[in-house]
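Participant: Provided herewith is a single structure, encoded as structure tokens, for subsequent inquiry.
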Amino acid sequence: MKDDKLFNYIVLSSLSPTGYVDGGDRKREVVEFDSAFPYMFINAFYLPTADISAIVDAKRDYSGFIFADSHVIEYPVENLRTLKKGFEDVIASYSEISNERTRLLKEISTFFATNENLYPAEYSKTDTEITHSDVTKFKKEIEKIRNVWENEITSLLNFQTQNIIESAISNNMPVELKELDRINEFDKLAEYVTRLKKSLENESKPHENAKDQELYELVKKNLNLLGQMAELQNKALAVRDNSAWLALANLIRGEENFGKISGDISSETGKLRDRDVGLVKSEINALAKPVDDYIALGHGGDESGRSLEDLEREYIDKFAWLMSLLIERINETSGKKKLKPIRRDAWMGSLPLGEIDGLIQSKKEMQQEIEFFTRLDELISSSFEARKKLKAALDSYDSGLRDIEERRRGGSKTIEGMYRTWFGEINPAILSLLNDDSDLSSLDYDNEGKEEIEKLYNIVRWKYKDLIDAHKLGVNNLSVGHGPGGTERWSFEKSALVASSPSRWLSQMTDNNAGDFRRYLVKALDLKGVDSAKVNSHNYTKPWEVSLTFFAAVSFLDNISPLTTGGGYWEKYERSKNNILHHALYLQQGKYVTRKRTLLLADAAEIAGLEDGNKKSRDEAKERVLDLYEVKDIKEAAGE
């Protein structure tokens, strides 16, 4: 007022609508305000340089405050990025599945190759058939692969994998194999896998998208692994022992929990060892009789009463017979006659040693069975790490696909806050338009992208009206009656709406419809005409945000609502107006300024009205305002 332009350009924004109190920084409305305030700040500097600079010219000495409010519309593309990143994580889990399954099946294949020859008796069963459970579980493995290539995200990302696979099934599969859901035989499922794998191997054209190519290669690799699983599953059918067959079937599928199965195998091995010991004891007891007979010789004979001479004669006769038989065969050979083979079992059976040989054979077979179970138990132990990692990768894969589906179904609702709106109806089809450095302008050059921008513009069209609110602007009233009988009326003189976003398409729509915006502002603020309302747009915001910032110019100190509402600043000022810590003006001169009284809104509006008049009216307004203040010596505040 004294031409010392200490505060020449003041833009006010009220935190009061948030309900902020000390310590309430994390309150939702406060957080929203914090996200909107930078746009008020940026656009306040933008005002004097834009074609809406007339709003700054509306300032007066008393009515010198511009009021601002802002709202942010967020296009939560990060949700889409999360979908894309989530699918990339699924592909990573898929890769881990193939790596660990390759490692596991290699171990199992080595086990079969080694032990089929070493323990043929353990692979002698011919009447085992694939169970319904085996068919169901194998089919689920195929469906796991199908779930990734059929996922809608692949289409949204413009992947070619799904099209190529569907074409291969349509053109190269027999009629009975075209629909996976209708195949319920193990061999047919295995054939489906084999045929599809061969069809895909003939596709040599590289995919444009690296992730698409990676997915395609993983599908082929996992189909190949499923083919190996089917072959091993059929080999396992020949395993004689049911516990061993069950263990191998679970190993092939990569089951992690082997507690019960390992217990059954240990139990079976223990039984074999016990039976082995029992057999040895039995045979030893049987062979102990001749020893007992020999000991009995000291008493002149055996249990049958035969004498030592009888027993020795029997032994010598048997030995002589063997020698005679041997010489006869040698002579036959020297006479160039073909030697008739002597069957070991028959030969040994004619000897007293036949019982020992039977024991040895029986023990050998039992020992092989024990060794087979031991090796199977070792396979279970050695494959634990691969099975554990495979299970983790499968769980991650399944949960990743579930999360993608949930995210697609959820987040479809637009959420409106006091200072921020989260757009919730994003079309996932724009995923293919997104890169790491994309922003809203990336949608300007695609039909579906433009439709998304138009959705945001529709929010702009109704949300800007909420900005013209006295409470949010921080004023008591948007207009105030004054003069005799309230016949005169004060109101804001100028207003401006700034819509900013990276999208030039949104800016163009805003500019094209600026007349509609201006007419509403004129009506809502009781402005003098459409020239008093300005609408502008620019492209400086965060990548995926639209900001609406509204300015109303100008109003006076006594209309600032936080100063008067609910024990506001004026009340506190009245109690301690002589506290020099509340003052800055003139302190360097040993003085300070206090206001003697506040004004009723009608009186304040009258002064503001005078400022719009001629020089005489403006001088009167100035005099009335200066009369509200008093310059005091700082000694008064010190009580001297």
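Residue numbering restarts at 1 for every chain of the structure tokens, chains are lettered A, B, ... in their displayed order, and ligands are numbered from 1 as they appear.
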For stretch 471-483 of chain A, list every protein, DNA or RNA residue within 6 Å, evaluated using only C-alpha atoms, and leave out those in the same chain fewer than 2 positions away; present the list as a PyMOL selection string.
Facilitator: chain A and resi 14+17+67-69+469+486-491+559-561+602+606
Participant: I'd like the neighbourhood of A:Arg518 as a PyMOL selection string, where a residue qualifies if any of its atoms comes within 10 Å (using only C-alpha atoms), though same-chain residues fewer than 5 positions away should be ignored.
Facilitator: chain A and resi 495-497+513+523-524+529-535
Participant: Write the residues of the preceding selection, restricted to N, CA and C atoms, as a short mmCIF file (atom, residue, chain, number, x, y, z; two decimals), in the first residue's frame.
Facilitator:
```cif
data_model
loop_
_atom_site.label_atom_id
_atom_site.label_comp_id
_atom_site.auth_asym_id
_atom_site.auth_seq_id
_atom_site.Cartn_x
_atom_site.Cartn_y
_atom_site.Cartn_z
N SER A 495 -10.11 -15.38 -14.33
CA SER A 495 -9.87 -16.78 -13.98
C SER A 495 -9.11 -17.44 -15.13
N ALA A 496 -8.43 -18.52 -14.80
CA ALA A 496 -7.68 -19.26 -15.83
C ALA A 496 -7.68 -20.74 -15.49
N LEU A 497 -7.81 -21.55 -16.51
CA LEU A 497 -7.73 -23.01 -16.37
C LEU A 497 -6.58 -23.50 -17.24
N ASN A 513 -12.07 -27.00 -27.54
CA ASN A 513 -13.31 -26.82 -26.76
C ASN A 513 -13.16 -25.74 -25.68
N LYS A 523 -19.90 -18.24 -15.89
CA LYS A 523 -21.15 -18.43 -15.16
C LYS A 523 -20.89 -18.76 -13.69
N ALA A 524 -19.92 -19.65 -13.41
CA ALA A 524 -19.68 -20.09 -12.04
C ALA A 524 -19.10 -18.98 -11.17
N GLY A 529 -17.33 -11.33 -18.56
CA GLY A 529 -17.50 -11.82 -19.92
C GLY A 529 -16.52 -12.93 -20.22
N VAL A 530 -16.65 -13.53 -21.40
CA VAL A 530 -15.80 -14.69 -21.72
C VAL A 530 -14.33 -14.31 -21.81
N ASP A 531 -14.05 -13.04 -22.08
CA ASP A 531 -12.64 -12.63 -22.13
C ASP A 531 -11.99 -12.64 -20.76
N SER A 532 -12.81 -12.68 -19.71
CA SER A 532 -12.27 -12.72 -18.34
C SER A 532 -11.87 -14.14 -17.93
N ALA A 533 -12.22 -15.11 -18.75
CA ALA A 533 -11.85 -16.51 -18.47
C ALA A 533 -10.92 -17.00 -19.56
N LYS A 534 -9.78 -17.52 -19.16
CA LYS A 534 -8.80 -18.01 -20.11
C LYS A 534 -8.59 -19.52 -19.91
N VAL A 535 -8.35 -20.20 -21.02
CA VAL A 535 -8.07 -21.64 -20.98
C VAL A 535 -6.82 -21.88 -21.81
#
```
Participant: Fewer than 2 positions away in the same chain doesn't count, so skip those; otherwise give me all residues within 12 Å of stretch 120-122 of chain A, counting only C-alpha atoms, as a ChimeraX atom specification.
Facilitator: /A:112-118,124-126,235-245,364-373,376
Participant: Please save N, CA, C and O atoms of the selected residues as a short mmCIF file (atom, residue, chain, number, x, y, z; two decimals), in the first residue's frame.
Facilitator:
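Done, and the output landed in again.cif:
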```cif
data_model
loop_
_atom_site.label_atom_id
_atom_site.label_comp_id
_atom_site.auth_asym_id
_atom_site.auth_seq_id
_atom_site.Cartn_x
_atom_site.Cartn_y
_atom_site.Cartn_z
N PHE A 112 17.77 -95.34 -15.56
CA PHE A 112 17.17 -96.42 -16.37
C PHE A 112 18.24 -97.10 -17.23
O PHE A 112 18.32 -98.33 -17.28
N ALA A 113 19.06 -96.30 -17.93
CA ALA A 113 20.05 -96.86 -18.84
C ALA A 113 21.04 -97.76 -18.11
O ALA A 113 21.47 -98.80 -18.63
N THR A 114 21.40 -97.39 -16.91
CA THR A 114 22.39 -98.15 -16.14
C THR A 114 21.78 -99.41 -15.52
O THR A 114 22.35 -100.51 -15.60
N ASN A 115 20.63 -99.28 -14.95
CA ASN A 115 20.10 -100.36 -14.11
C ASN A 115 19.25 -101.38 -14.86
O ASN A 115 19.02 -102.48 -14.37
N GLU A 116 18.78 -101.03 -16.06
CA GLU A 116 18.03 -102.02 -16.85
C GLU A 116 18.91 -103.22 -17.18
O GLU A 116 18.43 -104.36 -17.21
N ASN A 117 20.20 -102.99 -17.44
CA ASN A 117 21.12 -104.09 -17.77
C ASN A 117 21.66 -104.77 -16.52
O ASN A 117 21.88 -105.98 -16.51
N LEU A 118 21.90 -103.97 -15.48
CA LEU A 118 22.45 -104.56 -14.25
C LEU A 118 21.43 -105.40 -13.51
O LEU A 118 21.77 -106.45 -12.92
N SER A 124 10.96 -106.68 -15.23
CA SER A 124 10.38 -107.85 -15.88
C SER A 124 8.85 -107.88 -15.89
O SER A 124 8.25 -108.83 -16.37
N LYS A 125 8.23 -106.82 -15.37
CA LYS A 125 6.77 -106.83 -15.29
C LYS A 125 6.18 -106.42 -16.64
O LYS A 125 6.67 -105.51 -17.30
N THR A 126 5.12 -107.11 -17.04
CA THR A 126 4.52 -106.85 -18.36
C THR A 126 3.04 -106.51 -18.32
O THR A 126 2.44 -106.21 -19.34
N LYS A 235 8.54 -96.67 -19.63
CA LYS A 235 9.61 -97.57 -19.16
C LYS A 235 9.37 -97.98 -17.72
O LYS A 235 9.62 -99.13 -17.33
N ALA A 236 8.87 -97.04 -16.93
CA ALA A 236 8.65 -97.32 -15.51
C ALA A 236 7.58 -98.39 -15.30
O ALA A 236 7.56 -99.06 -14.26
N LEU A 237 6.71 -98.59 -16.30
CA LEU A 237 5.65 -99.60 -16.16
C LEU A 237 6.22 -101.01 -16.01
O LEU A 237 5.56 -101.89 -15.46
N ALA A 238 7.46 -101.22 -16.50
CA ALA A 238 8.07 -102.56 -16.44
C ALA A 238 8.69 -102.88 -15.09
O ALA A 238 9.08 -104.02 -14.84
N VAL A 239 8.79 -101.88 -14.21
CA VAL A 239 9.41 -102.11 -12.91
C VAL A 239 8.54 -103.06 -12.09
O VAL A 239 7.33 -102.86 -11.94
N ARG A 240 9.18 -104.10 -11.56
CA ARG A 240 8.45 -105.20 -10.92
C ARG A 240 7.81 -104.79 -9.60
O ARG A 240 6.65 -105.08 -9.35
N ASP A 241 8.55 -104.10 -8.75
CA ASP A 241 8.04 -103.77 -7.42
C ASP A 241 7.16 -102.52 -7.50
O ASP A 241 7.53 -101.51 -8.11
N ASN A 242 6.01 -102.58 -6.85
CA ASN A 242 5.05 -101.47 -6.91
C ASN A 242 5.59 -100.20 -6.25
O ASN A 242 5.39 -99.09 -6.75
N SER A 243 6.30 -100.37 -5.12
CA SER A 243 6.87 -99.19 -4.44
C SER A 243 7.90 -98.49 -5.31
O SER A 243 7.96 -97.26 -5.39
N ALA A 244 8.73 -99.30 -5.99
CA ALA A 244 9.75 -98.74 -6.87
C ALA A 244 9.10 -98.04 -8.06
O ALA A 244 9.52 -96.95 -8.48
N TRP A 245 8.06 -98.67 -8.64
CA TRP A 245 7.36 -98.04 -9.78
C TRP A 245 6.74 -96.70 -9.37
O TRP A 245 6.85 -95.72 -10.08
N LYS A 364 22.39 -114.08 -4.51
CA LYS A 364 22.76 -113.13 -5.55
C LYS A 364 21.54 -112.36 -6.04
O LYS A 364 21.58 -111.13 -6.19
N GLU A 365 20.45 -113.06 -6.29
CA GLU A 365 19.23 -112.39 -6.76
C GLU A 365 18.70 -111.42 -5.72
O GLU A 365 18.27 -110.32 -6.04
N MET A 366 18.77 -111.86 -4.47
CA MET A 366 18.26 -110.98 -3.41
C MET A 366 19.15 -109.76 -3.23
O MET A 366 18.67 -108.65 -3.00
N GLN A 367 20.45 -109.98 -3.38
CA GLN A 367 21.38 -108.87 -3.24
C GLN A 367 21.19 -107.85 -4.36
O GLN A 367 21.26 -106.63 -4.15
N GLN A 368 20.90 -108.32 -5.59
CA GLN A 368 20.64 -107.41 -6.71
C GLN A 368 19.38 -106.57 -6.44
O GLN A 368 19.34 -105.39 -6.77
N GLU A 369 18.38 -107.20 -5.88
CA GLU A 369 17.16 -106.47 -5.57
C GLU A 369 17.44 -105.39 -4.53
O GLU A 369 16.94 -104.26 -4.63
N ILE A 370 18.26 -105.74 -3.53
CA ILE A 370 18.62 -104.75 -2.49
C ILE A 370 19.41 -103.61 -3.11
O ILE A 370 19.18 -102.44 -2.81
N GLU A 371 20.36 -103.95 -4.01
CA GLU A 371 21.17 -102.92 -4.66
C GLU A 371 20.28 -102.00 -5.51
O GLU A 371 20.48 -100.78 -5.56
N PHE A 372 19.29 -102.57 -6.20
CA PHE A 372 18.38 -101.77 -7.02
C PHE A 372 17.63 -100.76 -6.16
O PHE A 372 17.54 -99.58 -6.51
N PHE A 373 17.11 -101.22 -5.04
CA PHE A 373 16.39 -100.31 -4.15
C PHE A 373 17.32 -99.25 -3.56
O PHE A 373 16.93 -98.10 -3.36
N LEU A 376 17.90 -96.68 -6.19
CA LEU A 376 16.69 -95.86 -6.34
C LEU A 376 16.60 -94.83 -5.21
O LEU A 376 16.26 -93.67 -5.43
#
```
Participant: Would you list the contacts of A:Leu394 as a ChimeraX atom specification, taking every protein, DNA or RNA residue within 12 Å and counting only C-alpha atoms, but skipping same-chain residues closer than 3 positions in sequence?
Facilitator: /A:90-101,141,144-145,253-256,387-391,397-401
Participant: Measuring atom to atom with only C-alpha atoms, identify which of A:Thr421, A:Ser16, A:Leu599, A:Leu506 is nearest to A:Glu451.
Facilitator: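 Closest to A:Glu451, using only C-alpha atoms: A:Leu506.
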Participant: Hey, which of A:Lys84, A:Arg597, A:Lys413, A:Lys450 ends up closest to A:Leu156? Count only C-alpha atoms.
Facilitator: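 That would be A:Lys84, the residue with the smallest distance to A:Leu156.
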Participant: How would you write, as a VMD selection string, the set of residues in stretch 36-176 of chain A that DSSP gives as alpha helix (DSSP H)?
Facilitator: chain A and resid 36 to 46 54 to 57 77 to 118 132 to 149 152 to 156 161 to 172
Participant: From a backbone DSSP assignment, name each residue in stretch 347-569 of chain A labelled strand (DSSP E or B), as number ranges by chain.
Facilitator: A: 415-416, 420-422, 475, 479-482, 488-491, 494-500, 533-538, 545-555, 560
Participant: Can you spit out the residues from that selection as a PDB file, in the first residue's frame, using C-alpha atoms?
Facilitator:
```
ATOM      1  CA  ILE A 415     -11.076 -43.952  -7.981  1.00  0.00           C
ATOM      2  CA  GLU A 416     -11.732 -40.299  -7.282  1.00  0.00           C
ATOM      3  CA  ARG A 420      -6.254 -36.899  -7.403  1.00  0.00           C
ATOM      4  CA  THR A 421      -8.196 -39.299  -9.640  1.00  0.00           C
ATOM      5  CA  TRP A 422      -6.901 -42.752 -10.559  1.00  0.00           C
ATOM      6  CA  VAL A 475     -11.832 -18.209   0.412  1.00  0.00           C
ATOM      7  CA  SER A 479     -18.776 -13.308  -4.369  1.00  0.00           C
ATOM      8  CA  VAL A 480     -19.823 -10.875  -1.610  1.00  0.00           C
ATOM      9  CA  GLY A 481     -22.691  -8.409  -1.518  1.00  0.00           C
ATOM     10  CA  HIS A 482     -22.026  -4.897  -0.184  1.00  0.00           C
ATOM     11  CA  GLU A 488     -23.421  -4.009  -5.031  1.00  0.00           C
ATOM     12  CA  ARG A 489     -21.524  -7.213  -5.551  1.00  0.00           C
ATOM     13  CA  TRP A 490     -17.871  -8.072  -5.440  1.00  0.00           C
ATOM     14  CA  SER A 491     -16.598 -11.140  -7.328  1.00  0.00           C
ATOM     15  CA  LYS A 494     -10.302 -13.027 -13.862  1.00  0.00           C
ATOM     16  CA  SER A 495      -9.869 -16.781 -13.985  1.00  0.00           C
ATOM     17  CA  ALA A 496      -7.676 -19.263 -15.830  1.00  0.00           C
ATOM     18  CA  LEU A 497      -7.730 -23.008 -16.373  1.00  0.00           C
ATOM     19  CA  VAL A 498      -4.514 -24.781 -17.375  1.00  0.00           C
ATOM     20  CA  ALA A 499      -4.709 -28.378 -18.625  1.00  0.00           C
ATOM     21  CA  SER A 500      -1.326 -30.028 -18.995  1.00  0.00           C
ATOM     22  CA  ALA A 533     -11.854 -16.506 -18.467  1.00  0.00           C
ATOM     23  CA  LYS A 534      -8.795 -18.012 -20.109  1.00  0.00           C
ATOM     24  CA  VAL A 535      -8.066 -21.640 -20.982  1.00  0.00           C
ATOM     25  CA  ASN A 536      -4.662 -22.912 -21.947  1.00  0.00           C
ATOM     26  CA  SER A 537      -2.769 -26.170 -22.274  1.00  0.00           C
ATOM     27  CA  HIS A 538       0.835 -27.306 -22.349  1.00  0.00           C
ATOM     28  CA  GLU A 545      -0.454 -37.653 -15.547  1.00  0.00           C
ATOM     29  CA  VAL A 546      -2.907 -34.974 -16.585  1.00  0.00           C
ATOM     30  CA  SER A 547      -3.024 -31.916 -14.364  1.00  0.00           C
ATOM     31  CA  LEU A 548      -5.808 -29.374 -14.101  1.00  0.00           C
ATOM     32  CA  THR A 549      -4.864 -26.143 -12.381  1.00  0.00           C
ATOM     33  CA  PHE A 550      -7.371 -23.369 -11.756  1.00  0.00           C
ATOM     34  CA  PHE A 551      -6.573 -19.770 -10.836  1.00  0.00           C
ATOM     35  CA  ALA A 552      -9.022 -17.144  -9.595  1.00  0.00           C
ATOM     36  CA  ALA A 553      -7.910 -13.514  -9.382  1.00  0.00           C
ATOM     37  CA  VAL A 554      -8.124 -11.618  -7.223  1.00  0.00           C
ATOM     38  CA  SER A 555      -9.378 -11.348  -3.659  1.00  0.00           C
ATOM     39  CA  ILE A 560      -8.988 -15.779   3.145  1.00  0.00           C
TER      40      ILE A 560
END
```
Participant: Which is closer to A:His132 than all the others in A:Phe45, A:Tyr419, A:Phe111, A:Phe186, using only C-alpha atoms?
Facilitator: A:Phe186
Participant: For a test of reading the model, state the distance in Å between atom CA of A:Val11 and atom CA of A:Thr598, rounded to one decimal.
Facilitator: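 Computing it gives 21.5 Å between the two atoms.
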Participant: Please, what distance in Å, to one decimal, runs between atom CA of A:Lys139 and atom CA of A:Ile153?
Facilitator: 23.1 Å
Participant: Pick from A:Lys632, A:Leu379, A:Glu623, A:Glu78: nearest to A:Leu431, with only C-alpha atoms counted?
Facilitator: A:Glu78
